[in-house]
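Remarks on the structure that follows.
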Amino acid sequence: SDELEQTKTFLDAFRSRVTLSFNIFQPGFDIKFLFEYISRYDLNKNIRLGFAHPLPETHNQHVSVADMQQTVQQLMSYRSLFEKNDVHPLLDCGFPRCLFTEDDINWLTRLNRVNAHFGCSPIIDISTDMHVWACFPLSKNTKKSVYDFDSLTSMYDYYESYLEGIRQKNAGIFPACLTCRLREDGLCAGGCAAHAMSNSI
């Protein structure tokens, strides 16, 4: 298709300036093609990986809480491909730490490219019409005008407080998050705030 050809032309032109990204929206996903693209076009040797999360009060395709364990196991099944191709996984926010085995955590840590804090903090987006929100999954719920704030710091503080309010109502995506030591020690936020909010709606 023309779109695929345009993508290949883009990758060929920008090569190592390109970092591939993949949103996981179902447990049985396949990312082998990403390694092929990195090799063929000499792209940046990182792959940003994230869950597709629910949009509260909206129906969208995303990984359900019940499927998250299987999805993380599928991700970890690609460890040999990451190593063989010298490619590093970059985990986006929303991954609960408890879904990874200690061996998985050690493997991720050995790569020195993982954020060991499985957090959930504002990833502030600003749209072309000057609206702002905490993160894409919460774009409908947290949309405000950029002119409502006098600095980026005040914007960040506002949305950090908003996320904390969600956590006070629902500690995390699993019932066990309420008493989880990893959450209490600040090593995990309990998954995506949008997922936590959807659980309480």
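Just so we're on the same page: first chain in the structure tokens is A, next is B, and so on; residues restart at 1 for each chain, and ligands are numbered from 1 in the order they show up.
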Legend entry - DSSP alpha helix (DSSP H) residues within segment 65-187 of chain A, listed as a ChimeraX atom specification: /A:68-76,79-84,102-110,139-142,152-169,181-184
The selected residues should be written to file as a compact mmCIF listing (two decimals), in the first residue's frame (atoms: N, CA and C atoms).
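Saved to selection.txt:
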```txt
# COMPACT_ATOMS: atom_id res chain seq x y z
N MET A 68 -3.83 -9.30 31.97
CA MET A 68 -2.53 -8.65 32.11
C MET A 68 -1.39 -9.63 32.39
N GLN A 69 -1.62 -10.61 33.26
CA GLN A 69 -0.56 -11.57 33.58
C GLN A 69 -0.11 -12.32 32.33
N GLN A 70 -1.07 -12.81 31.56
CA GLN A 70 -0.76 -13.52 30.32
C GLN A 70 -0.04 -12.60 29.34
N THR A 71 -0.42 -11.34 29.31
CA THR A 71 0.19 -10.38 28.39
C THR A 71 1.64 -10.12 28.76
N VAL A 72 1.93 -9.97 30.05
CA VAL A 72 3.31 -9.77 30.49
C VAL A 72 4.15 -11.01 30.20
N GLN A 73 3.57 -12.20 30.40
CA GLN A 73 4.30 -13.43 30.07
C GLN A 73 4.63 -13.49 28.59
N GLN A 74 3.69 -13.05 27.75
CA GLN A 74 3.95 -13.00 26.31
C GLN A 74 5.08 -12.02 26.01
N LEU A 75 5.09 -10.87 26.67
CA LEU A 75 6.17 -9.90 26.48
C LEU A 75 7.52 -10.50 26.87
N MET A 76 7.56 -11.18 27.99
CA MET A 76 8.81 -11.77 28.45
C MET A 76 9.26 -12.94 27.58
N ARG A 79 12.29 -12.24 25.28
CA ARG A 79 13.59 -11.91 25.85
C ARG A 79 14.74 -12.33 24.95
N SER A 80 14.67 -13.52 24.38
CA SER A 80 15.77 -14.00 23.53
C SER A 80 15.92 -13.13 22.28
N LEU A 81 14.81 -12.65 21.73
CA LEU A 81 14.89 -11.78 20.56
C LEU A 81 15.49 -10.42 20.92
N PHE A 82 15.14 -9.90 22.08
CA PHE A 82 15.75 -8.65 22.54
C PHE A 82 17.27 -8.84 22.65
N GLU A 83 17.68 -9.93 23.27
CA GLU A 83 19.11 -10.17 23.47
C GLU A 83 19.84 -10.42 22.15
N LYS A 84 19.27 -11.26 21.31
CA LYS A 84 19.89 -11.59 20.02
C LYS A 84 20.11 -10.36 19.16
N GLU A 102 10.80 -12.32 39.61
CA GLU A 102 12.08 -11.73 40.03
C GLU A 102 13.12 -11.89 38.93
N ASP A 103 13.06 -13.02 38.20
CA ASP A 103 13.97 -13.23 37.09
C ASP A 103 13.74 -12.19 35.99
N ASP A 104 12.47 -11.87 35.71
CA ASP A 104 12.15 -10.82 34.74
C ASP A 104 12.73 -9.48 35.18
N ILE A 105 12.54 -9.15 36.46
CA ILE A 105 13.03 -7.87 36.98
C ILE A 105 14.55 -7.81 36.88
N ASN A 106 15.21 -8.91 37.23
CA ASN A 106 16.68 -8.95 37.14
C ASN A 106 17.14 -8.78 35.69
N TRP A 107 16.41 -9.40 34.76
CA TRP A 107 16.76 -9.28 33.34
C TRP A 107 16.59 -7.84 32.86
N LEU A 108 15.47 -7.22 33.23
CA LEU A 108 15.23 -5.83 32.85
C LEU A 108 16.27 -4.90 33.46
N THR A 109 16.62 -5.15 34.70
CA THR A 109 17.60 -4.32 35.39
C THR A 109 18.98 -4.46 34.76
N ARG A 110 19.33 -5.69 34.34
CA ARG A 110 20.63 -5.92 33.70
C ARG A 110 20.79 -5.09 32.44
N SER A 139 -7.54 11.74 29.05
CA SER A 139 -7.70 13.00 28.32
C SER A 139 -9.11 13.56 28.43
N LYS A 140 -10.11 12.69 28.43
CA LYS A 140 -11.49 13.17 28.53
C LYS A 140 -11.79 13.69 29.93
N ASN A 141 -11.24 13.04 30.95
CA ASN A 141 -11.56 13.37 32.34
C ASN A 141 -10.75 14.54 32.90
N THR A 142 -9.58 14.81 32.32
CA THR A 142 -8.70 15.81 32.93
C THR A 142 -8.43 17.00 32.00
N LEU A 152 4.45 25.32 34.01
CA LEU A 152 4.45 23.87 33.82
C LEU A 152 4.44 23.16 35.17
N THR A 153 5.12 23.75 36.14
CA THR A 153 5.16 23.16 37.49
C THR A 153 3.76 23.10 38.11
N SER A 154 3.00 24.20 37.98
CA SER A 154 1.65 24.21 38.56
C SER A 154 0.74 23.22 37.83
N MET A 155 0.97 23.06 36.54
CA MET A 155 0.21 22.10 35.75
C MET A 155 0.50 20.68 36.24
N TYR A 156 1.79 20.38 36.40
CA TYR A 156 2.21 19.06 36.87
C TYR A 156 1.66 18.79 38.26
N ASP A 157 1.75 19.77 39.15
CA ASP A 157 1.26 19.61 40.53
C ASP A 157 -0.24 19.34 40.54
N TYR A 158 -0.98 20.03 39.70
CA TYR A 158 -2.43 19.85 39.63
C TYR A 158 -2.76 18.41 39.23
N TYR A 159 -2.10 17.93 38.18
CA TYR A 159 -2.41 16.59 37.71
C TYR A 159 -1.87 15.50 38.63
N GLU A 160 -0.78 15.76 39.30
CA GLU A 160 -0.27 14.80 40.28
C GLU A 160 -1.27 14.66 41.43
N SER A 161 -1.87 15.78 41.85
CA SER A 161 -2.88 15.76 42.90
C SER A 161 -4.13 15.02 42.41
N TYR A 162 -4.49 15.21 41.15
CA TYR A 162 -5.64 14.52 40.56
C TYR A 162 -5.43 13.00 40.60
N LEU A 163 -4.25 12.57 40.18
CA LEU A 163 -3.94 11.13 40.19
C LEU A 163 -3.95 10.58 41.60
N GLU A 164 -3.42 11.36 42.54
CA GLU A 164 -3.42 10.92 43.94
C GLU A 164 -4.84 10.74 44.45
N GLY A 165 -5.75 11.59 43.99
CA GLY A 165 -7.16 11.46 44.37
C GLY A 165 -7.75 10.15 43.87
N ILE A 166 -7.36 9.74 42.67
CA ILE A 166 -7.82 8.44 42.14
C ILE A 166 -7.31 7.32 43.03
N ARG A 167 -6.05 7.41 43.42
CA ARG A 167 -5.43 6.35 44.25
C ARG A 167 -6.07 6.28 45.63
N GLN A 168 -6.56 7.39 46.14
CA GLN A 168 -7.22 7.37 47.45
C GLN A 168 -8.55 6.63 47.38
N LYS A 169 -9.20 6.68 46.22
CA LYS A 169 -10.47 5.97 46.04
C LYS A 169 -10.25 4.51 45.67
N ARG A 181 2.94 -4.49 49.58
CA ARG A 181 4.17 -3.89 50.12
C ARG A 181 4.91 -3.09 49.05
N LEU A 182 4.87 -3.56 47.80
CA LEU A 182 5.54 -2.85 46.71
C LEU A 182 4.94 -1.45 46.55
N ARG A 183 3.62 -1.36 46.67
CA ARG A 183 2.96 -0.05 46.57
C ARG A 183 3.28 0.81 47.79
N GLU A 184 3.24 0.20 48.96
CA GLU A 184 3.53 0.94 50.19
C GLU A 184 4.97 1.47 50.19
```
Using only C-alpha atoms, find each residue in segment 80-164 of chain A having at least one atom no more than 10 Å away from segment 15-27 of chain A; report its shortest atom-to-atom pair and that distance in Å (one decimal), rows by chain then rising number, as JSON lines.
```
{"residue": "A:Pro89", "atom": "CA", "partner": "A:Ser21", "partner_atom": "CA", "distance": 9.8}
{"residue": "A:Leu90", "atom": "CA", "partner": "A:Ser21", "partner_atom": "CA", "distance": 9.0}
{"residue": "A:Asp92", "atom": "CA", "partner": "A:Asn23", "partner_atom": "CA", "distance": 9.5}
```
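When only C-alpha atoms are used to measure the gap to Pro54 of chain A, the shortest distance among A:Cys188, A:Leu11, A:Val87, A:Ile173 belongs to A:Ile173.
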Inset, instruction - For each of A:Asn85, A:Ala52, A:Phe10, A:Ala193, take the minimum atom-to-atom distance to Glu36 of chain A, counting only C-alpha atoms, then give the residue where this is smallest. - result: A:Asn85
Inset, instruction - From the DSSP assignment of the backbone, select every residue of segment 110-182 of chain A that is strand (DSSP E), and format the answer as a ChimeraX atom specification. - result: /A:125-126,131-133,144-145
Selected residues written out, C-alpha atoms, as a PDB file, in the first residue's frame:
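Saved file part-v3.pdb follows:
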```pdb
ATOM      1  CA  ASP A 125      -0.003  16.353  26.674  1.00  0.00           C
ATOM      2  CA  ILE A 126      -0.795  19.712  25.088  1.00  0.00           C
ATOM      3  CA  HIS A 131      -5.939  21.982  25.781  1.00  0.00           C
ATOM      4  CA  VAL A 132      -3.952  19.935  28.262  1.00  0.00           C
ATOM      5  CA  TRP A 133      -4.527  16.669  30.131  1.00  0.00           C
ATOM      6  CA  LYS A 144      -8.294  21.809  30.803  1.00  0.00           C
ATOM      7  CA  SER A 145      -6.972  24.860  29.016  1.00  0.00           C
TER       8      SER A 145
END
```
Using only C-alpha atoms, tabulate the residues of segment 105-195 of chain A lying at most 7 Å from any atom of segment 55-65 of chain A, each with its closest atom pair and that distance in Å to one decimal, by chain and increasing residue number, as a Markdown table.
```
| residue | atom | partner | partner_atom | distance |
| --- | --- | --- | --- | --- |
| A:Pro137 | CA | A:Leu55 | CA | 5.0 |
| A:Leu138 | CA | A:Leu55 | CA | 6.5 |
| A:Ala194 | CA | A:Pro56 | CA | 6.4 |
```
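The gap separating atom CA of Phe136 of chain A from atom CA of Cys120 of chain A is 12.5 Å, in Å to one decimal.
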Legend entry - Nearest to Asp129 of chain A by atom-to-atom distance, counting only C-alpha atoms, from A:Phe174, A:Phe51, A:Tyr147, A:Tyr37: A:Tyr147
Inset, instruction - Counting only C-alpha atoms, figure out which residue out of A:Cys135, A:Leu49, A:Cys93, A:Leu43 gets nearest to Ile31 of chain A. - result: A:Leu49
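Between atom CA of Ile124 of chain A and atom CA of Val146 of chain A lies a distance of 10.6 Å.
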Inset, instruction - For Pro96 of chain A, please output as an MDAnalysis selection string all residues within 8 Å (counting only C-alpha atoms; exclusion window: fewer than 4 positions along the same chain). - result: chainID A and resid 100 118 188:191
Inset, instruction - Rounded to one decimal place, report the atom CA of Asp42 of chain A-atom CA of Phe14 of chain A distance in Å. - result: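 Separation of atom CA of Asp42 of chain A and atom CA of Phe14 of chain A: 9.3 Å.
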